[in-house]
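**Student:** Provided below: run34.tsv, containing TSV, C-alpha atoms.
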chain	number	residue	atom	x	y	z
A	1	MET	CA	-18.49	20.59	-25.63
A	2	THR	CA	-19.93	22.10	-22.47
A	3	THR	CA	-17.98	22.48	-19.24
A	4	THR	CA	-20.33	20.03	-17.53
A	5	THR	CA	-19.83	17.42	-20.26
A	6	TYR	CA	-16.05	17.85	-20.18
A	7	SER	CA	-15.92	17.56	-16.39
A	8	SER	CA	-18.06	14.42	-16.45
A	9	ILE	CA	-15.79	12.78	-19.00
A	10	VAL	CA	-12.64	13.70	-17.06
A	11	VAL	CA	-14.05	12.22	-13.86
A	12	LEU	CA	-15.21	9.11	-15.69
A	13	LEU	CA	-11.76	8.60	-17.20
A	14	ALA	CA	-10.23	8.90	-13.75
A	15	LEU	CA	-12.59	6.20	-12.48
A	16	VAL	CA	-11.74	3.98	-15.43
A	17	ALA	CA	-8.04	4.40	-14.62
A	18	LEU	CA	-8.80	3.25	-11.09
A	19	ALA	CA	-10.79	0.24	-12.19
A	20	ASN	CA	-8.30	-0.84	-14.84
A	21	GLY	CA	-5.88	-1.36	-12.03
A	22	HIS	CA	-2.40	-0.55	-11.06
A	23	MET	CA	0.46	-3.07	-11.21
A	24	MET	CA	1.22	-6.67	-10.29
A	25	MET	CA	3.91	-9.32	-10.72
A	26	SER	CA	3.01	-11.73	-13.52
A	27	ASP	CA	6.17	-13.85	-13.61
A	28	PRO	CA	6.85	-15.76	-11.43
A	29	ALA	CA	3.08	-16.37	-11.33
A	30	PRO	CA	1.63	-15.06	-8.04
A	31	TRP	CA	-0.68	-17.05	-5.79
A	32	ALA	CA	-4.43	-17.03	-6.54
A	33	SER	CA	-3.94	-15.01	-9.73
A	34	LYS	CA	-5.11	-15.70	-13.26
A	35	PHE	CA	-1.57	-16.91	-13.94
A	36	SER	CA	-1.69	-19.42	-11.07
A	37	PRO	CA	-5.20	-20.00	-9.64
A	38	GLY	CA	-5.61	-21.02	-6.02
A	39	PRO	CA	-6.05	-24.62	-4.80
A	40	LYS	CA	-9.80	-24.53	-5.50
A	41	GLY	CA	-9.44	-22.55	-8.71
A	42	GLN	CA	-9.99	-19.17	-7.07
A	43	ILE	CA	-8.71	-16.16	-9.02
A	44	ASP	CA	-8.29	-12.64	-7.69
A	45	TYR	CA	-9.29	-10.45	-10.64
A	46	SER	CA	-8.31	-7.29	-8.76
A	47	TYR	CA	-4.73	-8.42	-8.25
A	48	THR	CA	-3.31	-5.10	-9.45
A	49	SER	CA	-5.04	-3.25	-6.62
A	50	PRO	CA	-3.07	-1.97	-3.63
A	51	LEU	CA	-2.32	-4.36	-0.81
A	52	GLY	CA	-5.18	-4.86	1.62
A	53	LYS	CA	-3.61	-7.50	3.85
A	54	PHE	CA	0.10	-7.91	4.53
A	55	PRO	CA	1.84	-9.97	3.39
A	56	CYS	CA	0.97	-11.24	-0.07
A	57	LYS	CA	-2.66	-10.03	-0.03
A	58	GLY	CA	-3.31	-12.68	2.61
A	59	TYR	CA	-2.95	-15.65	0.24
A	60	ALA	CA	-1.36	-18.92	1.34
A	61	PRO	CA	1.71	-20.25	-0.50
A	62	GLN	CA	1.17	-22.53	-3.48
A	63	ALA	CA	3.39	-25.00	-5.32
A	64	SER	CA	6.63	-23.78	-6.82
A	65	VAL	CA	6.30	-22.40	-10.34
A	66	LYS	CA	9.96	-22.44	-11.35
A	67	THR	CA	13.48	-23.40	-10.30
A	68	VAL	CA	16.43	-21.04	-10.25
A	69	LYS	CA	20.07	-21.83	-9.48
A	70	ALA	CA	21.80	-20.01	-6.64
A	71	GLY	CA	24.36	-17.61	-8.06
A	72	SER	CA	22.25	-16.84	-11.14
A	73	SER	CA	19.45	-14.33	-11.67
A	74	LEU	CA	15.66	-14.58	-11.78
A	75	PRO	CA	13.69	-12.53	-14.34
A	76	VAL	CA	10.70	-10.88	-12.64
A	77	THR	CA	8.02	-9.27	-14.82
A	78	ILE	CA	5.63	-6.53	-13.66
A	79	ILE	CA	2.49	-5.65	-15.63
A	80	GLY	CA	-0.51	-3.36	-15.20
A	81	GLY	CA	-2.17	-0.19	-16.33
A	82	ALA	CA	-1.05	2.58	-13.95
A	83	THR	CA	2.62	3.08	-13.08
A	84	HIS	CA	1.97	6.22	-10.98
A	85	ASP	CA	5.24	7.80	-12.21
A	86	GLY	CA	7.26	4.85	-10.91
A	87	GLY	CA	8.58	4.67	-7.39
A	88	HIS	CA	10.58	2.34	-5.15
A	89	CYS	CA	10.61	-1.44	-5.67
A	90	GLN	CA	11.98	-4.20	-3.46
A	91	PHE	CA	12.43	-7.88	-4.35
A	92	ALA	CA	12.68	-10.21	-1.37
A	93	LEU	CA	12.77	-13.86	-0.27
A	94	SER	CA	11.19	-15.60	2.73
A	95	TYR	CA	11.94	-19.07	4.11
A	96	ASP	CA	9.72	-18.90	7.21
A	97	ASN	CA	6.18	-18.78	5.81
A	98	GLN	CA	6.30	-15.05	4.99
A	99	LYS	CA	7.15	-13.93	8.52
A	100	THR	CA	10.56	-12.51	7.57
A	101	TRP	CA	11.67	-11.10	4.24
A	102	VAL	CA	15.28	-10.51	3.24
A	103	VAL	CA	15.68	-8.09	0.33
A	104	LEU	CA	17.69	-9.23	-2.69
A	105	ASP	CA	17.39	-6.07	-4.75
A	106	THR	CA	16.09	-2.52	-4.36
A	107	ILE	CA	15.32	-0.08	-7.18
A	108	ILE	CA	15.13	3.50	-5.94
A	109	ARG	CA	12.70	5.93	-7.63
A	110	ASP	CA	13.05	4.67	-11.23
A	111	CYS	CA	11.20	1.38	-10.82
A	112	LEU	CA	8.34	1.03	-13.36
A	113	ARG	CA	9.43	3.93	-15.54
A	114	PRO	CA	9.70	5.14	-18.23
A	115	GLY	CA	6.81	3.74	-20.24
A	116	THR	CA	3.87	1.60	-19.23
A	117	GLY	CA	5.46	-1.84	-19.25
A	118	PRO	CA	5.63	-4.75	-19.09
A	119	PHE	CA	8.81	-4.30	-17.08
A	120	THR	CA	11.28	-7.14	-16.54
A	121	TYR	CA	14.05	-7.00	-13.93
A	122	ASN	CA	16.77	-9.61	-13.47
A	123	ILE	CA	17.01	-10.22	-9.74
A	124	PRO	CA	20.30	-11.69	-8.45
A	125	ILE	CA	20.01	-14.87	-6.38
A	126	PRO	CA	23.06	-15.08	-4.08
A	127	ALA	CA	25.29	-18.13	-4.50
A	128	SER	CA	24.82	-18.73	-0.78
A	129	ALA	CA	21.00	-18.84	-1.02
A	130	PRO	CA	19.67	-21.92	0.83
A	131	GLY	CA	18.33	-24.69	-1.39
A	132	GLY	CA	14.63	-25.54	-1.33
A	133	ASP	CA	11.32	-23.75	-1.77
A	134	ALA	CA	11.12	-20.06	-0.90
A	135	SER	CA	8.54	-17.31	-1.24
A	136	ILE	CA	9.57	-14.46	-3.52
A	137	ALA	CA	7.89	-11.06	-3.36
A	138	TRP	CA	7.79	-7.86	-5.37
A	139	ALA	CA	6.84	-4.79	-3.30
A	140	TRP	CA	6.27	-1.27	-4.63
A	141	ILE	CA	5.76	2.19	-3.12
A	142	ASN	CA	4.22	4.36	-5.85
A	143	ALA	CA	5.53	7.89	-6.46
A	144	VAL	CA	2.22	9.68	-7.09
A	145	GLY	CA	-1.40	9.02	-6.27
A	146	ASN	CA	-2.96	7.62	-3.12
A	147	ARG	CA	-0.36	6.57	-0.59
A	148	GLU	CA	-0.38	2.81	-1.05
A	149	TYR	CA	1.73	-0.34	-0.91
A	150	TYR	CA	1.68	-3.07	-3.53
A	151	MET	CA	2.88	-6.66	-3.15
A	152	SER	CA	2.72	-9.85	-5.20
A	153	CYS	CA	4.12	-13.20	-4.03
A	154	SER	CA	5.02	-16.51	-5.63
A	155	THR	CA	6.89	-19.71	-4.79
A	156	ILE	CA	10.17	-20.69	-6.43
A	157	THR	CA	12.63	-23.52	-5.85
A	158	ILE	CA	16.24	-22.54	-5.34
A	159	ASP	CA	18.96	-24.99	-6.34
A	160	GLY	CA	21.47	-24.03	-3.68
A	161	PRO	CA	23.43	-25.24	-0.65
A	162	LYS	CA	21.36	-26.97	2.00
A	163	ASP	CA	23.11	-25.10	4.82
A	164	GLY	CA	23.22	-21.77	2.98
A	165	SER	CA	22.13	-18.37	4.24
A	166	ILE	CA	21.40	-14.88	2.93
A	167	THR	CA	22.39	-11.65	4.66
A	168	GLY	CA	20.70	-8.45	3.57
A	169	PRO	CA	18.21	-5.71	4.45
A	170	GLU	CA	14.83	-6.56	5.93
A	171	LEU	CA	11.84	-5.63	3.77
A	172	LEU	CA	10.63	-2.05	4.28
A	173	VAL	CA	6.84	-1.80	4.62
A	174	ALA	CA	4.98	1.53	4.55
A	175	ASN	CA	1.59	3.16	3.98
A	176	LEU	CA	-0.26	0.27	5.64
A	177	PRO	CA	-2.22	0.03	8.91
A	178	GLY	CA	0.02	-1.28	11.68
A	179	PHE	CA	3.20	0.01	10.05
A	180	PRO	CA	4.45	3.44	11.15
A	181	LEU	CA	6.20	4.58	7.96
A	182	ARG	CA	4.31	6.88	5.60
A	183	PHE	CA	5.74	8.05	2.29
A	184	PRO	CA	4.51	11.36	0.84
A	185	GLU	CA	4.01	11.74	-2.89
A	186	PHE	CA	7.35	12.24	-4.63
A	187	GLY	CA	6.55	12.95	-8.26
A	188	GLY	CA	9.12	14.75	-10.42
A	189	LYS	CA	12.04	15.77	-8.22
A	190	GLY	CA	10.09	15.48	-4.97
A	191	ASP	CA	11.66	14.17	-1.79
A	192	ASP	CA	11.44	10.39	-2.21
A	193	LYS	CA	12.66	9.56	1.32
A	194	ARG	CA	15.28	7.19	-0.08
A	195	GLU	CA	17.28	7.53	3.12
A	196	LEU	CA	14.73	5.26	4.82
A	197	PHE	CA	16.02	2.34	2.76
A	198	ASP	CA	19.51	2.93	4.17
A	199	GLN	CA	18.09	2.47	7.66
A	200	ARG	CA	16.65	-1.01	7.11
A	201	LYS	CA	17.81	-3.60	9.62
A	202	ILE	CA	20.30	-6.15	8.27
A	203	ILE	CA	19.31	-9.76	8.91
A	204	THR	CA	20.56	-13.24	8.07
A	205	VAL	CA	18.04	-15.92	7.05
A	206	ARG	CA	18.57	-19.64	6.63
A	207	GLY	CA	16.68	-22.38	4.85
A	208	ASN	CA	15.31	-23.83	8.07
A	209	GLY	CA	13.48	-20.56	8.71
A	210	SER	CA	15.83	-19.29	11.40
A	211	VAL	CA	16.61	-15.59	11.40
A	212	ALA	CA	19.64	-13.95	12.99
A	213	PRO	CA	20.29	-10.23	13.43
A	214	GLY	CA	22.91	-8.77	11.16
A	215	PRO	CA	25.62	-6.28	12.11
A	216	GLY	CA	23.26	-3.29	12.10
A	217	PRO	CA	21.61	-0.87	9.67
A	218	ALA	CA	22.93	-0.70	6.14
A	219	PRO	CA	25.73	1.90	5.88
A	220	ARG	CA	24.87	5.20	4.25
A	221	PRO	CA	26.20	5.29	0.66
A	222	THR	CA	28.79	7.92	-0.24
A	223	SER	CA	28.75	7.60	-4.01
A	224	THR	CA	27.72	10.68	-6.00
A	225	ALA	CA	27.52	8.88	-9.33
A	226	THR	CA	24.43	9.47	-11.43
A	227	THR	CA	22.10	6.69	-12.41
A	228	GLY	CA	22.66	4.59	-15.49
A	229	PRO	CA	20.18	4.11	-18.33
A	230	ARG	CA	16.57	3.89	-17.30
A	231	PRO	CA	14.72	0.64	-18.03
A	232	THR	CA	12.48	0.32	-21.04
A	233	SER	CA	9.30	-1.70	-21.19
A	234	THR	CA	10.98	-4.71	-22.83
A	235	SER	CA	12.66	-7.65	-21.19
A	236	ALA	CA	15.99	-6.69	-22.70
A	237	ALA	CA	15.92	-3.28	-21.06
A	238	PRO	CA	19.03	-1.99	-19.27
A	239	LYS	CA	18.59	-2.13	-15.54
A	240	PRO	CA	18.42	1.17	-13.60
A	241	THR	CA	20.87	1.85	-10.83
A	242	ARG	CA	19.78	-0.17	-7.84
A	243	THR	CA	20.76	-1.42	-4.43
A	244	VAL	CA	21.83	-5.05	-4.81
A	245	ASN	CA	22.49	-7.65	-2.16
A	246	PRO	CA	25.42	-9.60	-3.73
A	247	PRO	CA	26.22	-13.27	-2.93
A	248	LYS	CA	27.14	-13.82	0.71
A	249	PRO	CA	30.90	-13.84	1.46
A	250	THR	CA	32.45	-16.86	3.16
A	251	SER	CA	32.01	-15.23	6.54
A	252	THR	CA	28.61	-13.97	7.65
A	253	SER	CA	30.06	-11.68	10.29
A	254	VAL	CA	30.07	-8.74	7.89
A	255	ALA	CA	26.99	-7.93	5.85
A	256	PRO	CA	27.41	-7.06	2.16
A	257	ARG	CA	27.41	-3.32	1.61
A	258	PRO	CA	24.50	-2.31	-0.63
A	259	THR	CA	25.33	0.37	-3.16
A	260	ARG	CA	22.88	2.96	-4.30
A	261	THR	CA	22.69	6.11	-6.32
A	262	VAL	CA	22.44	9.25	-4.25
A	263	ASN	CA	21.59	11.73	-6.97
A	264	PRO	CA	18.81	10.82	-9.42
A	265	PRO	CA	19.02	11.97	-13.03
A	266	PRO	CA	17.26	15.19	-14.00
A	267	TYR	CA	13.57	14.61	-14.45
A	268	THR	CA	11.24	17.23	-15.87
A	269	ARG	CA	8.02	15.38	-16.61
A	270	SER	CA	5.01	17.35	-15.42
A	271	THR	CA	2.77	15.54	-12.97
A	272	SER	CA	-0.17	17.50	-14.33
A	273	SER	CA	-0.51	14.97	-17.15
A	274	ALA	CA	-1.62	12.27	-14.74
A	275	ALA	CA	-5.30	11.41	-14.64
A	276	PRO	CA	-7.11	13.44	-11.96
A	277	LYS	CA	-7.93	11.58	-8.77
A	278	PRO	CA	-11.64	11.21	-8.10
A	279	THR	CA	-12.86	12.76	-4.90
A	280	THR	CA	-15.31	11.33	-2.43
A	281	ASN	CA	-18.00	13.15	-4.41
A	282	PRO	CA	-16.97	12.81	-8.07
A	283	GLY	CA	-20.21	13.99	-9.60
A	284	LYS	CA	-23.90	14.48	-9.20
A	285	GLY	CA	-25.71	11.22	-8.70
A	286	GLN	CA	-23.01	9.32	-6.78
A	287	VAL	CA	-24.67	6.33	-5.16
A	288	ASP	CA	-23.44	3.48	-2.99
A	289	ASP	CA	-26.44	1.18	-2.70
A	290	GLY	CA	-24.57	-1.37	-0.61
A	291	LYS	CA	-24.72	-4.10	-3.24
A	292	ALA	CA	-21.62	-6.26	-3.64
A	293	CYS	CA	-19.71	-5.94	-6.90
A	294	THR	CA	-16.56	-7.07	-8.67
A	295	GLU	CA	-13.68	-4.64	-9.24
A	296	GLY	CA	-13.97	-3.05	-12.70
A	297	GLN	CA	-17.59	-4.11	-13.24
A	298	MET	CA	-19.85	-1.46	-14.82
A	299	ARG	CA	-23.64	-0.98	-14.93
A	300	CYS	CA	-26.36	1.36	-16.18
A	301	THR	CA	-29.32	2.72	-14.26
A	302	THR	CA	-32.68	1.75	-15.69
A	303	ASP	CA	-33.25	5.22	-17.16
A	304	GLY	CA	-29.83	5.23	-18.84
A	305	LYS	CA	-28.90	8.55	-17.25
A	306	LYS	CA	-26.18	7.22	-14.98
A	307	ILE	CA	-23.25	4.85	-15.38
A	308	GLY	CA	-21.87	2.95	-12.43
A	309	MET	CA	-18.45	1.48	-11.78
A	310	CYS	CA	-17.31	-0.90	-9.05
A	311	ASN	CA	-14.43	0.65	-7.12
A	312	ARG	CA	-12.98	-1.39	-4.26
A	313	GLY	CA	-16.15	-3.37	-3.72
A	314	LYS	CA	-18.58	-0.44	-3.85
A	315	TRP	CA	-20.70	0.97	-6.67
A	316	ILE	CA	-20.16	4.57	-7.76
A	317	ASP	CA	-22.93	5.91	-10.03
A	318	MET	CA	-22.54	9.19	-11.88
A	319	ASP	CA	-24.39	11.20	-14.50
A	320	VAL	CA	-23.48	10.64	-18.14
A	321	PRO	CA	-22.72	13.73	-20.29
A	322	ALA	CA	-25.57	15.67	-21.84
A	323	GLY	CA	-26.74	14.14	-25.11
A	324	ALA	CA	-25.43	10.69	-24.17
A	325	ALA	CA	-26.94	7.62	-22.59
A	326	CYS	CA	-25.63	4.64	-20.67
A	327	LYS	CA	-25.99	1.46	-22.70
A	328	THR	CA	-25.20	-2.21	-22.13
A	329	GLY	CA	-23.13	-4.07	-24.72
A	330	GLY	CA	-23.31	-7.66	-25.81
A	331	ASP	CA	-20.66	-8.58	-23.25
A	332	GLY	CA	-22.89	-7.26	-20.45
A	333	GLN	CA	-20.62	-4.28	-19.76
A	334	ALA	CA	-21.98	-0.75	-19.62
A	335	PHE	CA	-20.67	2.03	-21.84
A	336	ILE	CA	-21.55	5.62	-22.78
A	337	GLY	CA	-23.16	5.99	-26.16
A	338	PHE	CA	-23.93	9.23	-28.01
A	339	ALA	CA	-26.95	9.67	-30.23
Do you think you could lay out the structure here as structure tokens?
**Tutor:**
Amino acid sequence: MTTTTYSSIVVLLALVALANGHMMMSDPAPWASKFSPGPKGQIDYSYTSPLGKFPCKGYAPQASVKTVKAGSSLPVTIIGGATHDGGHCQFALSYDNQKTWVVLDTIIRDCLRPGTGPFTYNIPIPASAPGGDASIAWAWINAVGNREYYMSCSTITIDGPKDGSITGPELLVANLPGFPLRFPEFGGKGDDKRELFDQRKIITVRGNGSVAPGPGPAPRPTSTATTGPRPTSTSAAPKPTRTVNPPKPTSTSVAPRPTRTVNPPPYTRSTSSAAPKPTTNPGKGQVDDGKACTEGQMRCTTDGKKIGMCNRGKWIDMDVPAGAACKTGGDGQAFIGFA
């Protein structure tokens, strides 16, 4: 195989990894997804892509998809094709039309690893959680790759006290326009900036949508314990060490103290095994002809010498390897065929 052919295939595989998506919440079913289409049947087929509009990809709330009792836990399942070596996950609730999010659970660094999923996490719902409909969100800051922020949202009904409240950290948002925080890549043993989660403002939310300031930032943890077993890609997986907002005490004057692992377990996986990131000029013949396209869609040029892929609404055309040709299958999708 020639160097040119090998390079073309490597770049193409990187583009395929991009198009096949990243990660999304599948249960509870998020708004305007294939699991819960929008009011007019609309489906976002690029749901696993990074967040473009905060919050919740800009989608409006839909009807509740399940009921959970306050004081119990809610299984949340994450699926997709690119875990980006894990990262930080937050699970949060909102009672005021997604204006304010109080975090129920935080998984530092080991969220979405090891494996490729699906991943299921049991999220604690405080016994004090107000009864009624609430928006639940999964948010993720990936460890490696482009600096992005992911978020999926759904509606659940909580069977809880009418006058209840939840006190906990406010959702941390980063790597988005309008938000000052930027996380660097933190693959392997890189600096994952976990201290930023300790600095989240503590708030108290109520079922009527009112929000009150808490006693201040979450206290810095002092524990030096190592993390427990990492999660597997089955629903029965042991949960990794995480910061949990336990049920609210009888008095709301003191916020629950989140606990968190300070020292992560040794981790030696090489980041060089990750698919290479395409550059702004991935190969000879790159073309953006301005035509609209659907994420993941592929096409051939009329001469069969280039294959194109839709990446974030724009076509990227590139040369196929020597001795091969771009062909269109019975399903209308393009592929590379060798003579």
**Student:** Near Asp27 (chain A), within 12 Å and counting only C-alpha atoms, which residues show up once chain neighbours fewer than 5 positions away are dropped, as a list in words?
**Tutor:** Ser33, Lys34, Phe35, Ser36, Val65, Lys66, Leu74, Pro75, Val76, Thr77, Ile78, Ile79, Pro118, Phe119, Thr120, Tyr121, Asn122, Ile136, Ala137, Trp138, Ser152, Cys153, Ser154, Thr155, Ile156 and Ser235 of chain A
**Student:** Separation of CA of Asp85 (chain A) and CA of Phe179 (chain A), in Å?
**Tutor:**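 Calculated distance between CA of Asp85 (chain A) and CA of Phe179 (chain A) is 23.7 Å.
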**Student:** Report, in Å with one decimal, the straight-line distance from CA of Gly87 (chain A) to CA of Asn142 (chain A).
**Tutor:**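 Taking CA of Gly87 (chain A) as the start and CA of Asn142 (chain A) as the end point, the length is 4.6 Å.
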**Student:** For each of A:Arg109, A:Trp140, A:Phe91, A:Pro114, take the minimum atom-to-atom distance to Ser49 (chain A), counting only C-alpha atoms, then give the residue where this is smallest.
**Tutor:**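 The shortest atom-to-atom distance to Ser49 (chain A) comes from A:Trp140.
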**Student:** Write out as number ranges by chain the residues lying within 9 Å of Ala70 (chain A), counting all atoms listed in the file and excluding same-chain residues fewer than 6 positions away.
**Tutor:** A: 124-131, 158-161, 247
**Student:** Between A:Cys300, A:Leu93, A:Leu181, A:Val68, which one has atoms that come closest to Glu148 (chain A), using only C-alpha atoms?
**Tutor:**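 Using only C-alpha atoms, Glu148 (chain A) sits closest to A:Leu181.
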**Student:** Check the smallest atom-to-atom distance from each of A:Asn146, A:Ser165, A:Thr116, A:Thr106 to Gly132 (chain A) using all atoms listed in the file, then report the winner.
**Tutor:**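 Once distances to Gly132 (chain A) are computed over all atoms listed in the file, the minimum belongs to A:Ser165.
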**Student:** Please compute the CA of Pro184 (chain A)-CA of Arg147 (chain A) distance, one decimal, in Å.
**Tutor:** 7.0 Å
**Student:** Need the shell around region 50-52 of chain A: protein/DNA/RNA residues with any atom at most 8 Å away, counting all atoms listed in the file. Skip same-chain ones fewer than 6 positions apart. Format as a PDB file with C-alpha atoms, keeping the file's coordinate frame?
**Tutor:**
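Okay, out.pdb is ready:
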ATOM      1  CA  HIS A  22      -2.400  -0.550 -11.060  1.00  0.00           C
ATOM      2  CA  GLU A 148      -0.380   2.810  -1.050  1.00  0.00           C
ATOM      3  CA  TYR A 149       1.730  -0.340  -0.910  1.00  0.00           C
ATOM      4  CA  TYR A 150       1.680  -3.070  -3.530  1.00  0.00           C
ATOM      5  CA  MET A 151       2.880  -6.660  -3.150  1.00  0.00           C
TER       6      MET A 151
END
**Student:** Which one of A:Gly117, A:Asp110, A:Gly164, A:Thr157 sits closest to Ala143 (chain A) if you count only C-alpha atoms?
**Tutor:** A:Asp110
